[in-house]
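Below: start-v6.cif (mmCIF, C-alpha atoms)
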```cif
data_coords
loop_
_atom_site.group_PDB
_atom_site.id
_atom_site.type_symbol
_atom_site.label_atom_id
_atom_site.label_comp_id
_atom_site.auth_asym_id
_atom_site.auth_seq_id
_atom_site.Cartn_x
_atom_site.Cartn_y
_atom_site.Cartn_z
ATOM 1 C CA MET P 276 114.590 -65.153 -24.480
ATOM 2 C CA ASN P 277 113.716 -66.321 -20.979
ATOM 3 C CA LEU P 278 114.907 -64.987 -17.632
ATOM 4 C CA ILE P 279 115.311 -67.581 -14.879
ATOM 5 C CA LEU P 280 114.826 -66.481 -11.234
ATOM 6 C CA LEU P 281 115.718 -68.627 -8.245
ATOM 7 C CA SER P 282 113.573 -68.507 -5.115
ATOM 8 C CA ARG P 283 115.243 -68.246 -1.721
ATOM 9 C CA HIS P 284 112.818 -70.677 -0.234
ATOM 10 C CA ASN P 285 112.525 -73.478 -2.652
ATOM 11 C CA ARG P 286 115.109 -72.443 -5.212
ATOM 12 C CA ALA P 287 112.531 -73.179 -7.925
ATOM 13 C CA ALA P 288 113.083 -71.457 -11.149
ATOM 14 C CA GLN P 289 110.489 -68.978 -12.338
ATOM 15 C CA GLN P 290 110.436 -67.642 -15.820
ATOM 16 C CA LEU P 291 109.080 -64.200 -16.752
ATOM 17 C CA SER P 292 108.334 -63.138 -20.189
ATOM 18 C CA LEU P 293 110.560 -60.390 -21.550
ATOM 19 C CA ARG P 294 107.447 -58.953 -23.203
ATOM 20 C CA LEU P 295 105.806 -58.419 -19.776
ATOM 21 C CA MET P 296 108.930 -56.767 -18.450
ATOM 22 C CA ALA P 297 109.022 -54.431 -21.403
ATOM 23 C CA THR P 298 105.393 -53.463 -20.849
ATOM 24 C CA VAL P 299 106.014 -52.646 -17.187
ATOM 25 C CA ILE P 300 108.998 -50.502 -18.059
ATOM 26 C CA VAL P 301 106.995 -48.575 -20.672
ATOM 27 C CA LEU P 302 104.180 -47.923 -18.186
ATOM 28 C CA LEU P 303 106.601 -46.636 -15.571
ATOM 29 C CA PHE P 304 108.093 -44.286 -18.124
ATOM 30 C CA LEU P 305 104.713 -42.927 -19.169
ATOM 31 C CA ILE P 306 103.698 -42.320 -15.535
ATOM 32 C CA SER P 307 106.930 -40.438 -14.967
ATOM 33 C CA LEU P 308 106.242 -38.276 -17.988
ATOM 34 C CA ALA P 309 102.705 -37.510 -16.780
ATOM 35 C CA ILE P 310 103.921 -36.547 -13.306
ATOM 36 C CA GLY P 311 106.580 -34.323 -14.779
ATOM 37 C CA ALA P 312 104.127 -32.642 -17.101
ATOM 38 C CA GLY P 313 101.756 -31.965 -14.219
ATOM 39 C CA ILE P 314 104.493 -30.476 -12.084
ATOM 40 C CA GLY P 315 105.631 -28.340 -14.962
ATOM 41 C CA TYR P 316 102.136 -27.032 -15.625
ATOM 42 C CA ALA P 317 101.646 -26.207 -11.970
ATOM 43 C CA VAL P 318 104.781 -24.108 -11.843
ATOM 44 C CA SER P 319 104.282 -22.570 -15.252
ATOM 45 C CA PRO P 320 103.325 -18.803 -15.531
ATOM 46 C CA SER P 321 99.960 -19.598 -17.154
ATOM 47 C CA ALA P 322 98.868 -21.660 -14.168
ATOM 48 C CA GLN P 323 100.010 -18.986 -11.782
ATOM 49 C CA GLY P 324 97.998 -16.417 -13.805
ATOM 50 C CA ALA P 325 94.821 -18.512 -13.568
ATOM 51 C CA MET P 326 95.165 -18.786 -9.809
ATOM 52 C CA SER P 327 95.804 -15.016 -9.501
ATOM 53 C CA ASP P 328 92.680 -14.218 -11.519
ATOM 54 C CA ALA P 329 90.534 -16.318 -9.144
ATOM 55 C CA ARG P 330 92.004 -14.574 -6.104
ATOM 56 C CA ILE P 331 91.427 -11.156 -7.637
ATOM 57 C CA GLN P 332 87.822 -12.080 -8.429
ATOM 58 C CA GLU P 333 87.325 -13.197 -4.815
ATOM 59 C CA LEU P 334 88.755 -9.913 -3.508
ATOM 60 C CA LYS P 335 86.505 -7.960 -5.846
ATOM 61 C CA GLU P 336 83.457 -9.777 -4.520
ATOM 62 C CA GLN P 337 84.496 -9.065 -0.919
ATOM 63 C CA LEU P 338 84.975 -5.386 -1.773
ATOM 64 C CA GLN P 339 81.530 -5.226 -3.359
ATOM 65 C CA ARG P 340 79.979 -6.758 -0.252
ATOM 66 C CA GLN P 341 81.766 -4.237 1.978
ATOM 67 C CA GLN P 342 80.640 -1.358 -0.251
ATOM 68 C CA GLU P 343 77.048 -2.602 -0.011
ATOM 69 C CA GLU P 344 77.304 -2.772 3.786
ATOM 70 C CA VAL P 345 78.659 0.796 3.888
ATOM 71 C CA ARG P 346 75.833 1.994 1.646
ATOM 72 C CA GLU P 347 73.224 0.316 3.855
ATOM 73 C CA ALA P 348 74.833 1.814 6.973
ATOM 74 C CA ARG P 349 74.788 5.288 5.367
ATOM 75 C CA ILE P 350 71.104 4.929 4.473
ATOM 76 C CA ALA P 351 70.287 3.779 8.013
ATOM 77 C CA ALA P 352 72.211 6.739 9.465
ATOM 78 C CA GLN P 353 70.385 9.187 7.178
ATOM 79 C CA ASP P 354 67.039 7.692 8.184
ATOM 80 C CA GLN P 355 67.963 8.029 11.852
ATOM 81 C CA ILE P 356 69.077 11.627 11.388
ATOM 82 C CA GLY P 357 65.834 12.379 9.557
ATOM 83 C CA ALA P 358 63.808 10.845 12.373
ATOM 84 C CA MET P 359 65.727 12.877 14.940
ATOM 85 C CA ALA P 360 65.165 16.081 12.935
ATOM 86 C CA LEU P 361 61.449 15.326 12.793
ATOM 87 C CA LYS P 362 61.348 14.791 16.567
ATOM 88 C CA VAL P 363 63.204 18.047 17.153
ATOM 89 C CA GLY P 364 60.641 19.846 14.987
ATOM 90 C CA GLN P 365 57.809 18.309 16.973
ATOM 91 C CA LEU P 366 59.477 19.308 20.224
ATOM 92 C CA ASN P 367 59.852 22.861 18.966
ATOM 93 C CA ALA P 368 56.151 22.984 18.063
ATOM 94 C CA ASN P 369 55.219 21.645 21.509
ATOM 95 C CA VAL P 370 57.387 24.269 23.193
ATOM 96 C CA ILE P 371 55.723 27.031 21.174
ATOM 97 C CA ARG P 372 52.267 25.772 22.184
ATOM 98 C CA LEU P 373 53.322 25.490 25.823
ATOM 99 C CA ASN P 374 54.668 29.048 25.787
ATOM 100 C CA ALA P 375 51.410 30.323 24.289
ATOM 101 C CA LEU P 376 49.397 28.437 26.911
ATOM 102 C CA GLY P 377 51.663 29.756 29.650
ATOM 103 C CA ARG P 378 51.225 33.353 28.527
ATOM 104 C CA ARG P 379 47.434 32.983 28.425
ATOM 105 C CA LEU P 380 47.312 31.336 31.832
ATOM 106 C CA THR P 381 49.608 33.994 33.282
ATOM 107 C CA GLY P 382 47.237 36.680 32.035
ATOM 108 C CA MET P 383 44.126 34.859 33.217
ATOM 109 C CA ALA P 384 45.601 34.199 36.653
ATOM 110 C CA LYS P 385 46.776 37.846 36.911
ATOM 111 C CA LEU P 386 50.235 36.821 38.065
ATOM 112 C CA ASP P 387 52.848 39.452 38.796
ATOM 113 C CA ASP P 388 54.857 40.682 35.837
ATOM 114 C CA GLY P 389 58.105 38.765 35.503
ATOM 115 C CA GLU P 390 57.074 35.890 37.751
ATOM 116 C CA PHE P 391 56.610 33.664 34.725
ATOM 117 C CA ASP P 392 58.314 34.998 31.609
ATOM 118 C CA PHE P 393 57.546 32.714 28.674
ATOM 119 C CA ASP P 394 59.395 34.918 26.176
ATOM 120 C CA SER P 395 62.840 34.342 27.737
ATOM 121 C CA GLN P 396 64.996 31.306 28.364
ATOM 122 C CA PRO P 397 64.452 29.868 31.864
ATOM 123 C CA ALA P 398 67.254 30.440 34.340
ATOM 124 C CA MET P 399 69.330 27.318 35.035
ATOM 125 C CA GLY P 400 72.565 26.374 36.825
ATOM 126 C CA GLY P 401 74.683 23.555 38.214
ATOM 127 C CA PRO P 402 78.271 22.251 38.002
ATOM 128 C CA GLU P 403 79.767 21.243 34.678
ATOM 129 C CA GLU P 404 79.427 17.551 33.891
ATOM 130 C CA PRO P 405 80.767 15.485 30.975
ATOM 131 C CA VAL P 406 78.389 14.890 28.113
ATOM 132 C CA GLY P 407 76.298 11.838 28.872
ATOM 133 C CA GLY P 408 76.836 11.906 32.632
ATOM 134 C CA PRO P 409 79.633 10.589 34.838
ATOM 135 C CA ASP P 410 80.491 7.698 32.530
ATOM 136 C CA ASN P 411 80.728 10.114 29.586
ATOM 137 C CA GLN P 412 78.715 7.858 27.321
ATOM 138 C CA HIS P 413 75.895 9.141 25.185
ATOM 139 C CA SER P 414 75.229 7.083 22.101
ATOM 140 C CA THR P 415 72.900 7.984 19.271
ATOM 141 C CA SER P 416 70.317 5.475 20.467
ATOM 142 C CA SER P 417 70.274 7.000 23.951
ATOM 143 C CA LEU P 418 69.921 10.474 22.414
ATOM 144 C CA VAL P 419 66.872 9.312 20.472
ATOM 145 C CA ALA P 420 65.446 7.820 23.668
ATOM 146 C CA ASP P 421 66.031 11.123 25.491
ATOM 147 C CA ILE P 422 64.223 13.020 22.744
ATOM 148 C CA GLU P 423 61.308 10.590 22.940
ATOM 149 C CA SER P 424 61.137 10.986 26.717
ATOM 150 C CA LEU P 425 61.206 14.794 26.467
ATOM 151 C CA ASP P 426 58.529 14.709 23.780
ATOM 152 C CA ASN P 427 56.267 12.619 26.027
ATOM 153 C CA LEU P 428 56.906 14.946 28.969
ATOM 154 C CA LEU P 429 56.048 18.026 26.934
ATOM 155 C CA TYR P 430 52.874 16.357 25.654
ATOM 156 C CA GLU P 431 51.751 15.512 29.193
ATOM 157 C CA GLN P 432 52.472 19.048 30.390
ATOM 158 C CA GLU P 433 50.568 20.482 27.439
ATOM 159 C CA GLN P 434 47.558 18.327 28.283
ATOM 160 C CA GLN P 435 47.675 19.434 31.923
ATOM 161 C CA LEU P 436 47.964 23.103 30.970
ATOM 162 C CA THR P 437 45.105 22.734 28.490
ATOM 163 C CA ILE P 438 42.872 21.248 31.195
ATOM 164 C CA LEU P 439 43.890 24.050 33.566
ATOM 165 C CA GLU P 440 43.110 26.620 30.889
ATOM 166 C CA GLU P 441 39.668 25.103 30.318
ATOM 167 C CA LEU P 442 38.958 25.166 34.059
ATOM 168 C CA MET P 443 40.034 28.791 34.302
ATOM 169 C CA LEU P 444 38.002 29.718 31.223
ATOM 170 C CA ASN P 445 34.939 27.993 32.663
ATOM 171 C CA ARG P 446 35.444 29.796 35.939
ATOM 172 C CA LYS P 447 35.872 33.077 34.121
ATOM 173 C CA LEU P 448 32.761 32.343 32.068
ATOM 174 C CA GLN P 449 30.794 31.580 35.221
ATOM 175 C CA ASP P 450 32.000 34.859 36.677
ATOM 176 C CA ARG P 451 30.414 36.603 33.696
ATOM 177 C CA VAL P 452 27.131 34.692 33.480
ATOM 178 C CA LEU P 453 26.294 34.124 37.164
ATOM 179 C CA PRO P 454 24.896 37.011 39.258
ATOM 180 C CA LYS P 455 27.603 38.633 41.311
ATOM 181 C CA GLY P 456 28.266 42.117 42.674
ATOM 182 C CA ARG P 457 26.298 45.342 43.190
ATOM 183 C CA PRO P 458 23.673 46.375 40.600
ATOM 184 C CA VAL P 459 24.419 50.081 41.119
ATOM 185 C CA THR P 460 27.557 52.188 40.868
ATOM 186 C CA SER P 461 26.518 54.360 43.811
ATOM 187 C CA GLY P 462 23.922 54.218 46.597
ATOM 188 C CA TRP P 463 23.293 52.241 49.753
ATOM 189 C CA MET P 464 21.118 49.266 50.664
ATOM 190 C CA SER P 465 17.989 50.661 52.248
ATOM 191 C CA SER P 466 15.825 47.525 52.543
ATOM 192 C CA PHE P 467 16.621 43.833 52.848
ATOM 193 C CA PHE P 468 15.157 40.565 51.631
ATOM 194 C CA GLY P 469 12.392 38.809 53.577
ATOM 195 C CA LYS P 470 9.767 40.029 56.016
ATOM 196 C CA ARG P 471 9.563 43.783 56.618
ATOM 197 C CA THR P 472 7.093 46.555 57.406
ATOM 198 C CA ASP P 473 5.467 47.683 54.167
ATOM 199 C CA PRO P 474 6.282 51.425 53.661
ATOM 200 C CA PHE P 475 2.791 52.111 52.280
ATOM 201 C CA THR P 476 0.499 50.044 54.531
ATOM 202 C CA GLY P 477 2.637 49.684 57.681
ATOM 203 C CA LYS P 478 1.852 45.982 57.792
ATOM 204 C CA ILE P 479 4.278 43.064 57.796
ATOM 205 C CA ALA P 480 4.888 41.970 54.206
ATOM 206 C CA TYR P 481 7.305 39.788 52.324
ATOM 207 C CA HIS P 482 9.969 41.637 50.360
ATOM 208 C CA ARG P 483 11.319 39.516 47.482
ATOM 209 C CA GLY P 484 14.389 41.649 46.805
ATOM 210 C CA VAL P 485 16.651 44.364 48.194
ATOM 211 C CA ASP P 486 16.491 48.146 47.650
ATOM 212 C CA PHE P 487 19.359 50.510 46.906
ATOM 213 C CA ALA P 488 18.581 54.151 47.613
ATOM 214 C CA GLY P 489 20.471 56.715 45.586
ATOM 215 C CA LYS P 490 20.346 59.686 43.321
ATOM 216 C CA ALA P 491 17.826 59.768 40.516
ATOM 217 C CA GLY P 492 19.465 59.050 37.177
ATOM 218 C CA SER P 493 22.288 56.992 38.680
ATOM 219 C CA ASP P 494 23.549 54.059 36.639
ATOM 220 C CA VAL P 495 21.912 50.663 37.026
ATOM 221 C CA ILE P 496 24.208 47.881 35.816
ATOM 222 C CA ALA P 497 23.766 44.203 34.977
ATOM 223 C CA VAL P 498 25.344 41.888 37.536
ATOM 224 C CA ALA P 499 25.962 39.157 34.923
ATOM 225 C CA ALA P 500 25.822 38.548 31.199
ATOM 226 C CA GLY P 501 22.482 37.469 29.798
ATOM 227 C CA VAL P 502 19.516 38.205 27.547
ATOM 228 C CA VAL P 503 16.831 40.830 28.245
ATOM 229 C CA ILE P 504 13.423 39.139 28.522
ATOM 230 C CA TRP P 505 11.472 42.159 29.811
ATOM 231 C CA SER P 506 11.917 45.897 29.383
ATOM 232 C CA GLY P 507 8.924 48.071 30.260
ATOM 233 C CA ASP P 508 6.320 48.853 32.866
ATOM 234 C CA ARG P 509 5.049 46.158 35.235
ATOM 235 C CA TYR P 510 2.521 46.534 38.006
ATOM 236 C CA GLY P 511 4.162 47.532 41.279
ATOM 237 C CA TYR P 512 7.633 47.533 39.714
ATOM 238 C CA GLY P 513 7.282 50.548 37.467
ATOM 239 C CA GLN P 514 9.841 50.553 34.673
ATOM 240 C CA MET P 515 11.652 47.262 35.013
ATOM 241 C CA VAL P 516 14.359 45.361 33.183
ATOM 242 C CA GLU P 517 14.481 41.566 33.534
ATOM 243 C CA VAL P 518 17.543 39.594 32.391
ATOM 244 C CA ARG P 519 17.869 35.836 32.014
ATOM 245 C CA HIS P 520 21.286 34.341 32.810
ATOM 246 C CA ALA P 521 22.825 30.859 32.752
ATOM 247 C CA ASN P 522 21.915 27.964 35.058
ATOM 248 C CA GLY P 523 18.323 29.140 35.593
ATOM 249 C CA TYR P 524 19.117 32.575 37.087
ATOM 250 C CA VAL P 525 17.009 35.700 36.413
ATOM 251 C CA THR P 526 17.603 39.224 37.761
ATOM 252 C CA ARG P 527 15.108 42.112 37.958
ATOM 253 C CA TYR P 528 15.885 45.842 38.087
ATOM 254 C CA ALA P 529 12.830 47.914 38.987
ATOM 255 C CA HIS P 530 11.609 51.511 39.644
ATOM 256 C CA ASN P 531 13.838 52.770 36.832
ATOM 257 C CA ASN P 532 13.549 56.265 35.509
ATOM 258 C CA GLN P 533 14.662 55.020 32.069
ATOM 259 C CA ASN P 534 15.364 51.625 30.543
ATOM 260 C CA LEU P 535 18.332 51.563 28.182
ATOM 261 C CA VAL P 536 17.891 48.058 26.744
ATOM 262 C CA ALA P 537 15.129 46.253 24.834
ATOM 263 C CA VAL P 538 13.795 42.709 24.867
ATOM 264 C CA GLY P 539 16.185 40.368 23.082
ATOM 265 C CA ASP P 540 19.304 42.435 23.733
ATOM 266 C CA ASN P 541 22.445 40.651 24.898
ATOM 267 C CA VAL P 542 23.941 42.424 27.894
ATOM 268 C CA GLN P 543 27.343 41.994 29.502
ATOM 269 C CA LYS P 544 28.373 42.032 33.131
ATOM 270 C CA GLY P 545 28.775 45.664 34.268
ATOM 271 C CA GLN P 546 26.821 47.113 31.339
ATOM 272 C CA VAL P 547 24.562 50.090 32.154
ATOM 273 C CA ILE P 548 21.016 48.927 31.422
ATOM 274 C CA ALA P 549 18.876 51.612 33.139
ATOM 275 C CA ARG P 550 18.786 54.845 35.144
ATOM 276 C CA MET P 551 17.658 54.894 38.757
ATOM 277 C CA GLY P 552 14.193 56.351 39.364
ATOM 278 C CA SER P 553 11.020 56.137 41.477
ATOM 279 C CA THR P 554 8.461 54.715 39.036
ATOM 280 C CA GLY P 555 5.924 52.206 40.287
ATOM 281 C CA ARG P 556 5.380 51.536 43.968
ATOM 282 C CA ALA P 557 8.319 53.490 45.407
ATOM 283 C CA THR P 558 8.725 56.213 48.021
ATOM 284 C CA GLY P 559 11.730 57.789 46.272
ATOM 285 C CA PRO P 560 14.628 57.137 43.895
ATOM 286 C CA ASN P 561 15.850 53.627 44.454
ATOM 287 C CA LEU P 562 16.589 50.380 42.688
ATOM 288 C CA HIS P 563 14.537 47.340 43.623
ATOM 289 C CA PHE P 564 16.777 44.362 42.818
ATOM 290 C CA GLU P 565 15.616 40.736 42.720
ATOM 291 C CA VAL P 566 17.375 37.430 41.993
ATOM 292 C CA TRP P 567 15.353 34.391 40.925
ATOM 293 C CA HIS P 568 16.662 30.852 40.554
ATOM 294 C CA ARG P 569 14.604 28.233 38.732
ATOM 295 C CA GLY P 570 11.373 30.147 39.278
ATOM 296 C CA LYS P 571 11.879 31.012 42.968
ATOM 297 C CA PRO P 572 13.135 34.269 44.543
ATOM 298 C CA VAL P 573 16.409 33.977 46.499
ATOM 299 C CA ASN P 574 18.151 36.405 48.796
ATOM 300 C CA PRO P 575 20.211 38.785 46.593
ATOM 301 C CA VAL P 576 22.512 39.762 49.486
ATOM 302 C CA LYS P 577 24.800 36.748 49.043
ATOM 303 C CA PHE P 578 25.268 37.653 45.367
ATOM 304 C CA VAL P 579 25.776 41.350 46.092
ATOM 305 C CA GLN P 580 28.494 40.550 48.630
ATOM 306 C CA GLN P 581 30.485 38.537 46.091
ATOM 307 C CA THR P 582 32.975 40.943 44.603
ATOM 308 C CA THR P 583 35.514 38.459 43.170
#
```

Just give me the structure as structure tokens.
Amino acid sequence: MNLILLSRHNRAAQQLSLRLMATVIVLLFLISLAIGAGIGYAVSPSAQGAMSDARIQELKEQLQRQQEEVREARIAAQDQIGAMALKVGQLNANVIRLNALGRRLTGMAKLDDGEFDFDSQPAMGGPEEPVGGPDNQHSTSSLVADIESLDNLLYEQEQQLTILEELMLNRKLQDRVLPKGRPVTSGWMSSFFGKRTDPFTGKIAYHRGVDFAGKAGSDVIAVAAGVVIWSGDRYGYGQMVEVRHANGYVTRYAHNNQNLVAVGDNVQKGQVIARMGSTGRATGPNLHFEVWHRGKPVNPVKFVQQTT
């Protein structure tokens, strides 16, 4: 069977095969079925279940990521708290050391009681302000920075106090080892250093020390800490004690009635080392006191006059 079509333009007849038409119709029907099947599958419960499972899996993954972020934030916070606790412990140790230094320096400087009390909280005052200042902001990072700044300040103050303590200790040590003060507990200076009239010959002679007249048996004391290098009789001096001190100083204590120390003894400032007498070349009970520095005699008066 043939189908005849007429063209509008040339009215020519065109014949199409019924077999071709049937094939086209079948193809259109199959395409319609495929489209319908696809739409049905998309709206079917099984398809909706597959899509829901994918969404749930995506949400689970997001939740896991958020849980991991929370865990990392918690660990970071714990580390920061631990670091802050460590800093606070260090600050506490620095404060304890500073208080100990302060108490020692207060004692060494002989400050009035109560002027610096390192066993009590320092007095403070001022109007009430919001935490963190006027803007009322004080984050954890700024708190850590404040702790670091305070730690550095305490360290610097500790170093300064340590240096001050060393200076005061050195000064105190020098006070003990350098000649200073009177070599007797009682008596008066009866003869000075330098040229004088010799009491035995009446001629001008050089006197290498000073004399303290007093009562026989009076205490003779060391004017500085040192080591005894002579204890016994020496020509012209009678019974004499000689003590070597720091920085090249030597002191001599002569005309003693009795020496109370021996060679090699360590003596301290103010220690009784002899009893006043008139042995040797002396007109009566007195102490002949000499100060030598690096092998040369120096005027003892300037050392005797130093009382502090």

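The space separating atom CA of P:Leu338 from atom CA of P:Gln353 comes to 22.5 Å.
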
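Straight-line separation from atom CA of P:Tyr528 to atom CA of P:Val452: 16.5 Å.
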
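When all atoms listed in the file are used to measure the gap to P:Asn531, the shortest distance among P:Val495, P:Ala358, P:Ala375, P:Ala420 belongs to P:Val495.
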
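Of the residues under consideration (P:Ile422, P:Val518, P:Leu334, P:Val538), P:Ile422 shows the shortest atom-to-atom contact distance to P:Ala360 when counting all atoms listed in the file.
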
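Picture a line from atom CA of P:Val516 to atom CA of P:Asp540; it runs 11.1 Å.
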
Which polymer residues have any atom within 12 Å of an atom of P:Met551, counting only C-alpha atoms, with same-chain residues fewer than 6 positions away left out, as an NGL selection string?
:P and (458-462 or 486-496 or 513-516 or 528-535 or 557 or 559-564)

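Minimum atom-to-atom distances from P:Val576, P:Ala352, P:Leu366, P:Ala497 to P:Gln543 were compared using all atoms listed in the file, and the lowest value belongs to P:Ala497.
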
Taking the file as I've supplied it (selection: the PyMOL selection byres ((chain P and resi 574) around 12)), which residues are included? Please answer as a ChimeraX atom specification.
/P:454,466-470,481-486,526,564-568,571-573,575-580

Compare P:Ala351, P:Ala480, P:Ile371, P:Leu453 by their minimum atom-to-atom distance to P:His520, counting all atoms listed in the file, and give me the closest one.
P:Leu453

Selection near P:Ala537, 10 Å with all atoms listed in the file, sequence-local residues under 5 positions removed, as a list in words
Val502, Val503, Ile504, Trp505, Ser506, Gly507, Val516, Glu517 and Ile548 of chain P

What does the file look like for those residues with C-alpha atoms, as an mmCIF file, in the coordinates of the input?
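Final output, result21.cif:
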```
data_model
loop_
_atom_site.group_PDB
_atom_site.id
_atom_site.type_symbol
_atom_site.label_atom_id
_atom_site.label_comp_id
_atom_site.auth_asym_id
_atom_site.auth_seq_id
_atom_site.Cartn_x
_atom_site.Cartn_y
_atom_site.Cartn_z
ATOM 1 C CA VAL P 502 19.516 38.205 27.547
ATOM 2 C CA VAL P 503 16.831 40.830 28.245
ATOM 3 C CA ILE P 504 13.423 39.139 28.522
ATOM 4 C CA TRP P 505 11.472 42.159 29.811
ATOM 5 C CA SER P 506 11.917 45.897 29.383
ATOM 6 C CA GLY P 507 8.924 48.071 30.260
ATOM 7 C CA VAL P 516 14.359 45.361 33.183
ATOM 8 C CA GLU P 517 14.481 41.566 33.534
ATOM 9 C CA ILE P 548 21.016 48.927 31.422
#
```

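Evaluated against the shown file, the PyMOL selection byres ((chain P and resi 523) around 6) gives Ala521, Asn522, Tyr524, His568 and Arg569 of chain P.
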
Kindly provide, as JSON, the centre and edge lengths (Å, one decimal) of an axis-aligned box around all atoms of stretch 500-503 of chain P given in the file, with 5 Å on each side.
```
{"center_x": 21.3, "center_y": 39.1, "center_z": 29.4, "size_x": 19.0, "size_y": 13.4, "size_z": 13.7}
```

Evaluate the PyMOL selection byres ((chain P and resi 363) around 12) and record the selected residues as number ranges by chain, following the chain and residue labels used in the document.
P: 356-362, 364-370, 418-419, 421-423, 425-426

Where atoms are missing, can you supply N, CA and C atoms for stretch 504-520 of chain P and output the lot as a CSV table (one decimal), keeping the file's coordinate frame?
```csv
chain,number,residue,atom,x,y,z
P,504,ILE,N,14.7,39.8,28.8
P,504,ILE,CA,13.4,39.1,28.5
P,504,ILE,C,12.2,40.1,28.9
P,505,TRP,N,12.5,41.2,29.5
P,505,TRP,CA,11.5,42.2,29.8
P,505,TRP,C,12.1,43.5,29.9
P,506,SER,N,11.5,44.5,29.3
P,506,SER,CA,11.9,45.9,29.4
P,506,SER,C,10.7,46.8,29.2
P,507,GLY,N,10.1,47.3,30.3
P,507,GLY,CA,8.9,48.1,30.3
P,507,GLY,C,8.3,48.2,31.6
P,508,ASP,N,7.0,48.6,31.6
P,508,ASP,CA,6.3,48.9,32.9
P,508,ASP,C,5.7,47.5,33.3
P,509,ARG,N,5.7,47.3,34.6
P,509,ARG,CA,5.0,46.2,35.2
P,509,ARG,C,4.5,46.6,36.6
P,510,TYR,N,3.3,46.1,36.8
P,510,TYR,CA,2.5,46.5,38.0
P,510,TYR,C,3.4,46.4,39.3
P,511,GLY,N,3.4,47.5,40.0
P,511,GLY,CA,4.2,47.5,41.3
P,511,GLY,C,5.7,47.8,41.1
P,512,TYR,N,6.2,47.4,40.0
P,512,TYR,CA,7.6,47.5,39.7
P,512,TYR,C,8.0,48.8,39.0
P,513,GLY,N,7.0,49.4,38.3
P,513,GLY,CA,7.3,50.5,37.5
P,513,GLY,C,8.1,50.1,36.3
P,514,GLN,N,9.0,50.9,35.8
P,514,GLN,CA,9.8,50.6,34.7
P,514,GLN,C,10.9,49.5,35.2
P,515,MET,N,10.8,48.4,34.5
P,515,MET,CA,11.7,47.3,35.0
P,515,MET,C,12.4,46.6,33.8
P,516,VAL,N,13.6,46.2,34.1
P,516,VAL,CA,14.4,45.4,33.2
P,516,VAL,C,14.6,44.0,33.8
P,517,GLU,N,14.3,42.9,33.1
P,517,GLU,CA,14.5,41.6,33.5
P,517,GLU,C,15.5,40.9,32.6
P,518,VAL,N,16.5,40.2,33.2
P,518,VAL,CA,17.5,39.6,32.4
P,518,VAL,C,17.6,38.1,32.8
P,519,ARG,N,17.7,37.3,31.8
P,519,ARG,CA,17.9,35.8,32.0
P,519,ARG,C,19.3,35.5,31.8
P,520,HIS,N,19.9,34.7,32.8
P,520,HIS,CA,21.3,34.3,32.8
P,520,HIS,C,21.4,32.8,32.7
```
